[in-house]
Amino acid sequence: MDEKQIIAKRIAMELQDGNLVNLGIGIPGLVPNYLEEGKKIVFQAENGVVGLGPLTDEDTYLVNASGMKATILPGGAYIDSLLSFSLIRGGHIDVTVLGALEVDAEGSLASWIIPGKKVPGMGGAMDLVMGARKVIIATTHTNKGKPKILSKCTLPLTAAHQVDLIVTEMAVISVEPDGLHLLEVHPDYSVDDVVNATEAKLIVEKVETMKGM
Amino acid sequence: MDEKQIIAKRIAMELQDGNLVNLGIGIPGLVPNYLEEGKKIVFQAENGVVGLGPLTDEDTYLVNASGMKATILPGGAYIDSLLSFSLIRGGHIDVTVLGALEVDAEGSLASWIIPGKKVPGMGGAMDLVMGARKVIIATTHTNKGKPKILSKCTLPLTAAHQVDLIVTEMAVISVEPDGLHLLEVHPDYSVDDVVNATEAKLIVEKVETMKGM
Amino acid sequence: MKAEISAKEFKNLLKDGLTIMVGGFLTNGTPEKLVDLVVESKVKDLVIICNDGGYENAGVGKLFTNNQVKKLIASHIGTNPVVGDLMQEGEIEVELLPQGSLAEKIRAGGAGLGGILTPTGLDTVVQNGKQIIEVQGKRYLLEEPLTADMALIGGAVVDKYGNLRYLQTTRNFNPIMALASDKVVVEPFETVDEIDPECVITPYPLVDYVYREEK
Amino acid sequence: MKAEISAKEFKNLLKDGLTIMVGGFLTNGTPEKLVDLVVESKVKDLVIICNDGGYENAGVGKLFTNNQVKKLIASHIGTNPVVGDLMQEGEIEVELLPQGSLAEKIRAGGAGLGGILTPTGLDTVVQNGKQIIEVQGKRYLLEEPLTADMALIGGAVVDKYGNLRYLQTTRNFNPIMALASDKVVVEPFETVDEIDPECVITPYPLVDYVYREEK
């Protein structure tokens, strides 16, 4: 497994049977590949579908939130942007999984703009981070060696204080009121490896081997 | 024709082909009986139907805003309370016709409460008066001789400054920034009769005979 | 399909002091059997959020006749004299709201909004105690969100997944109440195998329980 | 049925400086033919309200490539480098909004609200210049309403009365834009005799014109 697959596989284990889940683009999109047999997750896409299924090459008016042709599963529903974001902002989404440029010790997230360089826009991310019950960040631990998990984000925020869990190819880290707790470390790495690759202070108490690895 | 029929008939002439119209309970409900042949009006009921048709005795889950079993006309649609009031408050209703306890020279309306006596609640009236493009009040000119058209309402308001036209069995009166203009008088009455039955000052310039009478 | 719930299981969810949203407009779209079970349960001090007070022996009206309500939030109580009498006697509190404002407050609660600004009710008693906010030179009332512990949903056509659409005008407040409440309990008026994904009004992840009548 | 409109009649409705809402999400549900006619019309200084900037040669993107836009209000422009370039060069103004806030602002405009309060964007650059209102001890951003001179609606199944439903995910912003604009112009993706009243998404009184392609 490459690092993206490790992250996706570990996050898949966080989803509970019956959860309504919104996945961001990039690594989060790989999560469905790793769901345990029999675990029923309902995926929502913010452009207006509940019960999103796999991608398709067939002619369809159904796209996912990346604009790619997709399918709807039995029991699904089409909704407009208003109801879609009522679900998102109103706390009806159990889990959202999103990528990050930076994430910090206060649970703040930067993911939508690199001023002067790249201004794609926030899309649905700000509402997702604010509204979902559980916010999981799926990210490589560093950007080519440069830490992405910081004591304080330097880029413009997507939202402050909303992240619950950070999953990287090296570790699983939970965001608590007193800071970041290192919960699990991938067998290929030591605790020190993780601490050294993390700019934020990590609280290291009871660390386990990363589940499913 | 009795006084209610006179009022309903005259108001029917105010509705324009293609208008989306919401009728209150009481006299306003009689207006559809007097529509000219071929004039197409779409009636909306705030409980959630566009294209309301006549009442029915048949078994149905369709009721009008008075809770009476009704029908839907071809091209109609069922909507929820939220979209219903988006239509109403958002200025999409061309005309609303409502009853009154009092209406005044500033275009303010009192129609929902007599403190200490009768507290039915405002229902949809406050949104209708605020949101409809044209607000027509259908009311008997007096309450057993006691004027209902006042210089200033004494009862708690439904809305301030929103009424456009007042139609009674005696007269048609428009609300303008400088006050109430007497536009038409029913052939059974003189201008003096109307002025004497009205507590508010009436601006009497060019008065015509009430149309359709 | 979401969990089916029996009369007994439903009554076990009830307790004194709950805030309950009840769908329907003058009982059209009100889940009468669920209301009957609330009557049977004898729970009291309820806060009821409903468009109106129903009728003396129908809809939420039954809860007033049975003295189970502490407060009603509604737009209209004129069809149920019991509510008016209890209010005059000081036995219950009634908060009257414009119907559109009531719908917006419920929807705001369900959509995670802090409220909405409406011109409705300005310069009337409805504005008492509410913030007035100026936007682009116009004044608006701030109507704060409403949420509930439970929503009782009627008028529903339910499919095997728990998706809902509603029969004719029974739709009214039901869909927004299903968004704004912790537990959503549906009384099916009709069941079908599957609802066209284009015609689903309330997607099944919003539904917690579907009431199943014992034979 | 609402008035049918030809290409020529539609172009006669266009003029410089209009604010136009365009339905669609990454062009899914965008009325491409109507956008093409706006391109042909060569009107300029448009304010475009759309979920995104489309693609370089698809959706609202065509209007940027043709230099017809003064300002874009959207949630995402990452799929169209032309928009980013024009913005960096100061040729156009871009107002970026969270997608849910954009939807709420449009809906507020269509529903006669003075705005809505959302937690989304708090403590980010999105809050710059906006009122912060406290409700029940929590802070919210006041997002003001958006309206437009015209809405261009796509993805639509149109019946003979002018009622609309939408094909699959093409629904997205189309229904709220149809509420929030003075003139609503629909490009039918499909026509049918009649839409079931239970499945109508946009009732026909909201529709002003249905585009009819010349043969």
# chains A, B, ... in the order shown; residues from 1 in each chain; ligands from 1

$ select_by_dssp --residues "segment 3-209 of chain B" --states "strand (DSSP E or B)" --output "PyMOL selection string"
chain B and resi 20-23+42-45+49-55+63+69-78+95-98+102-104+109-110+114+118+134-138+142-143+146-147+149-150+159+165-167+171-176+179-185+202-203+208-209

$ interface_residues --of "chain D" --to "chain B" --cutoff "10 Å" --atoms "only C-alpha atoms" --output "compact mmCIF listing (two decimals) with N, CA, C and O atoms, in the first residue's frame"
# COMPACT_ATOMS: atom_id res chain seq x y z
N MET D 1 -48.81 27.31 -20.28
CA MET D 1 -47.38 27.37 -20.60
C MET D 1 -46.92 28.82 -20.60
O MET D 1 -47.56 29.70 -21.14
N LYS D 2 -45.79 29.07 -19.99
CA LYS D 2 -45.20 30.39 -20.02
C LYS D 2 -44.70 30.70 -21.43
O LYS D 2 -44.55 29.82 -22.25
N ARG D 107 -31.09 31.97 -1.74
CA ARG D 107 -32.41 31.61 -1.24
C ARG D 107 -33.02 32.76 -0.43
O ARG D 107 -34.20 33.05 -0.53
N ALA D 108 -32.19 33.44 0.36
CA ALA D 108 -32.69 34.59 1.13
C ALA D 108 -33.21 35.67 0.18
O ALA D 108 -34.27 36.26 0.41
N GLY D 109 -32.48 35.89 -0.90
CA GLY D 109 -32.94 36.87 -1.89
C GLY D 109 -34.29 36.49 -2.48
O GLY D 109 -35.15 37.33 -2.68
N GLY D 110 -34.45 35.22 -2.75
CA GLY D 110 -35.70 34.75 -3.35
C GLY D 110 -36.84 34.65 -2.39
O GLY D 110 -38.01 34.63 -2.80
N ALA D 111 -36.54 34.57 -1.10
CA ALA D 111 -37.57 34.36 -0.09
C ALA D 111 -37.90 35.63 0.68
O ALA D 111 -38.65 35.58 1.65
N GLY D 112 -37.33 36.76 0.26
CA GLY D 112 -37.66 38.03 0.91
C GLY D 112 -37.05 38.19 2.29
O GLY D 112 -37.55 38.97 3.10
N LEU D 113 -35.99 37.46 2.56
CA LEU D 113 -35.31 37.60 3.85
C LEU D 113 -34.23 38.68 3.75
O LEU D 113 -33.68 38.93 2.68
N ASP D 159 -42.83 20.92 -18.32
CA ASP D 159 -44.12 20.43 -18.82
C ASP D 159 -44.85 21.54 -19.56
O ASP D 159 -44.35 22.67 -19.69
N LYS D 160 -46.04 21.24 -20.06
CA LYS D 160 -46.72 22.20 -20.93
C LYS D 160 -47.15 23.47 -20.20
O LYS D 160 -47.45 24.48 -20.82
N TYR D 161 -47.19 23.41 -18.88
CA TYR D 161 -47.56 24.61 -18.12
C TYR D 161 -46.33 25.47 -17.82
O TYR D 161 -46.46 26.65 -17.51
N GLY D 162 -45.14 24.84 -17.89
CA GLY D 162 -43.93 25.55 -17.51
C GLY D 162 -43.40 25.12 -16.15
O GLY D 162 -42.43 25.68 -15.65
N ASN D 163 -44.05 24.11 -15.54
CA ASN D 163 -43.49 23.53 -14.32
C ASN D 163 -42.15 22.88 -14.63
O ASN D 163 -41.94 22.36 -15.73
N ILE D 176 -33.29 27.51 -6.49
CA ILE D 176 -33.22 28.73 -5.68
C ILE D 176 -32.95 29.95 -6.55
O ILE D 176 -33.42 31.04 -6.26
N LEU D 179 -36.06 31.39 -7.89
CA LEU D 179 -36.80 32.18 -6.90
C LEU D 179 -36.24 33.59 -6.77
O LEU D 179 -36.93 34.50 -6.32
N ALA D 180 -34.97 33.76 -7.11
CA ALA D 180 -34.25 34.97 -6.70
C ALA D 180 -34.02 35.97 -7.83
O ALA D 180 -33.31 36.96 -7.63
N ASP D 182 -35.42 38.39 -11.29
CA ASP D 182 -36.57 39.07 -11.89
C ASP D 182 -37.13 38.31 -13.08
O ASP D 182 -38.33 38.12 -13.20
N ASP D 193 -45.48 16.21 -21.12
CA ASP D 193 -46.82 16.79 -21.12
C ASP D 193 -47.13 17.42 -19.76
O ASP D 193 -47.50 18.58 -19.67
N GLU D 194 -46.93 16.63 -18.73
CA GLU D 194 -47.34 17.09 -17.40
C GLU D 194 -46.42 16.48 -16.35
O GLU D 194 -46.09 15.31 -16.43
N ILE D 195 -46.01 17.26 -15.36
CA ILE D 195 -45.22 16.73 -14.25
C ILE D 195 -46.18 16.47 -13.08
O ILE D 195 -47.02 17.32 -12.78
N ASP D 196 -46.06 15.32 -12.46
CA ASP D 196 -46.84 14.98 -11.27
C ASP D 196 -46.74 16.13 -10.26
O ASP D 196 -45.63 16.54 -9.90
N PRO D 197 -47.88 16.65 -9.78
CA PRO D 197 -47.85 17.78 -8.83
C PRO D 197 -47.01 17.49 -7.58
O PRO D 197 -46.55 18.41 -6.92
N GLU D 198 -46.81 16.19 -7.27
CA GLU D 198 -45.99 15.83 -6.10
C GLU D 198 -44.50 15.97 -6.40
O GLU D 198 -43.69 15.92 -5.48
N CYS D 199 -44.14 16.05 -7.68
CA CYS D 199 -42.72 16.02 -8.07
C CYS D 199 -42.25 17.31 -8.73
O CYS D 199 -41.10 17.38 -9.19
N VAL D 200 -43.12 18.31 -8.79
CA VAL D 200 -42.71 19.60 -9.33
C VAL D 200 -41.72 20.23 -8.35
O VAL D 200 -41.97 20.28 -7.15
N ILE D 201 -40.59 20.70 -8.87
CA ILE D 201 -39.62 21.37 -7.99
C ILE D 201 -39.78 22.89 -8.11
O ILE D 201 -39.76 23.61 -7.11
N THR D 202 -39.95 23.39 -9.32
CA THR D 202 -40.16 24.83 -9.52
C THR D 202 -41.55 25.04 -10.14
O THR D 202 -41.76 24.71 -11.31
N PRO D 203 -42.51 25.55 -9.37
CA PRO D 203 -43.87 25.75 -9.91
C PRO D 203 -43.87 26.80 -11.02
O PRO D 203 -43.11 27.77 -10.98
N TYR D 204 -44.74 26.60 -12.01
CA TYR D 204 -44.65 27.40 -13.22
C TYR D 204 -44.84 28.91 -13.05
O TYR D 204 -44.30 29.66 -13.86
N PRO D 205 -45.55 29.39 -12.01
CA PRO D 205 -45.62 30.85 -11.91
C PRO D 205 -44.25 31.53 -11.74
O PRO D 205 -44.12 32.73 -11.95
N LEU D 206 -43.23 30.76 -11.38
CA LEU D 206 -41.90 31.34 -11.22
C LEU D 206 -41.16 31.47 -12.55
O LEU D 206 -40.15 32.17 -12.64

$ residues_around --residues "segment 55-62 of chain A" --least-positions-apart "5" --cutoff "10 Å" --atoms "only C-alpha atoms" --output "ChimeraX atom specification"
/A:47-49,67-72,78 /D:28-29,155,166-171

$ write_last_selection --atoms "C-alpha atoms" --output "PDB file, in the first residue's frame"
ATOM      1  CA  ASN A  47     -23.816  19.067  -5.251  1.00  0.00           C
ATOM      2  CA  GLY A  48     -27.032  17.250  -4.453  1.00  0.00           C
ATOM      3  CA  VAL A  49     -27.186  13.513  -3.977  1.00  0.00           C
ATOM      4  CA  GLY A  67     -17.928  16.920 -11.512  1.00  0.00           C
ATOM      5  CA  MET A  68     -17.216  13.273 -12.427  1.00  0.00           C
ATOM      6  CA  LYS A  69     -19.972  11.028 -13.768  1.00  0.00           C
ATOM      7  CA  ALA A  70     -21.251   8.821 -11.001  1.00  0.00           C
ATOM      8  CA  THR A  71     -24.134   6.583  -9.962  1.00  0.00           C
ATOM      9  CA  ILE A  72     -26.817   6.549  -7.299  1.00  0.00           C
ATOM     10  CA  TYR A  78     -31.541  13.932  -5.517  1.00  0.00           C
TER      11      TYR A  78
ATOM     12  CA  ASN D  28     -23.777  19.962 -14.608  1.00  0.00           C
ATOM     13  CA  GLY D  29     -27.171  21.666 -14.918  1.00  0.00           C
ATOM     14  CA  GLY D 155     -31.165  20.646 -16.378  1.00  0.00           C
ATOM     15  CA  TYR D 166     -34.553  18.626 -12.899  1.00  0.00           C
ATOM     16  CA  LEU D 167     -32.564  15.668 -14.182  1.00  0.00           C
ATOM     17  CA  GLN D 168     -30.569  13.983 -11.415  1.00  0.00           C
ATOM     18  CA  THR D 169     -27.897  16.253  -9.921  1.00  0.00           C
ATOM     19  CA  THR D 170     -28.581  19.073 -12.386  1.00  0.00           C
ATOM     20  CA  ARG D 171     -31.008  20.387  -9.775  1.00  0.00           C
TER      21      ARG D 171
END

$ atom_distance --atom1 "atom CA of Ser81 of chain A" --atom2 "atom CA of Ile114 of chain A"
26.7 Å

$ atom_distance --atom1 "atom CA of Gln127 of chain D" --atom2 "atom CA of Gln162 of chain A"
16.8 Å

$ residues_around --residues "Leu97 of chain C" --least-positions-apart "5" --cutoff "9 Å" --atoms "only C-alpha atoms" --output "PDB file with N, CA and C atoms, in the first residue's frame"
ATOM      1  N   GLY B 121     -54.641  34.198  16.478  1.00  0.00           N
ATOM      2  CA  GLY B 121     -53.284  34.080  15.911  1.00  0.00           C
ATOM      3  C   GLY B 121     -53.258  34.646  14.520  1.00  0.00           C
ATOM      4  N   MET B 122     -52.058  34.961  14.059  1.00  0.00           N
ATOM      5  CA  MET B 122     -51.920  35.645  12.777  1.00  0.00           C
ATOM      6  C   MET B 122     -51.864  34.694  11.598  1.00  0.00           C
ATOM      7  N   GLY B 123     -51.635  33.412  11.852  1.00  0.00           N
ATOM      8  CA  GLY B 123     -51.510  32.471  10.736  1.00  0.00           C
ATOM      9  C   GLY B 123     -50.546  33.006   9.703  1.00  0.00           C
TER      10      GLY B 123
ATOM     11  N   ILE C  73     -45.964  26.593  20.669  1.00  0.00           N
ATOM     12  CA  ILE C  73     -45.438  27.566  19.710  1.00  0.00           C
ATOM     13  C   ILE C  73     -46.146  27.297  18.396  1.00  0.00           C
ATOM     14  N   ALA C  74     -46.930  28.271  17.910  1.00  0.00           N
ATOM     15  CA  ALA C  74     -47.805  28.039  16.752  1.00  0.00           C
ATOM     16  C   ALA C  74     -48.116  29.360  16.070  1.00  0.00           C
ATOM     17  N   SER C  75     -48.768  29.273  14.927  1.00  0.00           N
ATOM     18  CA  SER C  75     -49.159  30.503  14.228  1.00  0.00           C
ATOM     19  C   SER C  75     -50.634  30.802  14.384  1.00  0.00           C
ATOM     20  N   HIS C  76     -51.403  29.822  14.857  1.00  0.00           N
ATOM     21  CA  HIS C  76     -52.854  29.992  14.861  1.00  0.00           C
ATOM     22  C   HIS C  76     -53.470  29.049  15.876  1.00  0.00           C
ATOM     23  N   LEU C 102     -42.464  31.044  11.577  1.00  0.00           N
ATOM     24  CA  LEU C 102     -42.402  29.737  12.249  1.00  0.00           C
ATOM     25  C   LEU C 102     -41.682  28.730  11.356  1.00  0.00           C
ATOM     26  N   GLY C 121     -43.639  40.992  10.743  1.00  0.00           N
ATOM     27  CA  GLY C 121     -43.797  41.235  12.165  1.00  0.00           C
ATOM     28  C   GLY C 121     -43.201  42.545  12.635  1.00  0.00           C
ATOM     29  N   VAL C 126     -45.153  41.182  17.410  1.00  0.00           N
ATOM     30  CA  VAL C 126     -44.232  40.067  17.138  1.00  0.00           C
ATOM     31  C   VAL C 126     -42.776  40.466  17.364  1.00  0.00           C
TER      32      VAL C 126
END

$ interface_residues --of "chain D" --to "chain C" --cutoff "6 Å" --atoms "only C-alpha atoms" --output "list in words"
Leu113, Gly114, Gly115, Ile116, Leu117, Thr118 and Cys199 of chain D

$ residues_around --residues "segment 140-154 of chain A" --least-positions-apart "2" --cutoff "10 Å" --atoms "only C-alpha atoms" --output "JSON, numbers by chain"
{"A": [3, 4, 6, 7, 27, 99, 100, 101, 102, 103, 104, 105, 106, 107, 108, 109, 110, 114, 137, 138, 156, 157, 160, 166, 167, 168, 169, 170, 171, 173, 179, 180, 194, 196, 197, 198, 199, 200, 201, 202]}

$ atom_distance --atom1 "atom CA of Val191 of chain B" --atom2 "atom CA of Met210 of chain B"
11.5 Å

$ residues_around --residues "Phe173 of chain C" --least-positions-apart "6" --cutoff "9 Å" --atoms "only C-alpha atoms" --output "list in words"
Asn47, Asp80, Ser81 and Leu82 of chain B; Val22, Gly23, Gly24, Phe25, Gly29, Cys50, Asn51, Ala103, Ile106 and Ile153 of chain C
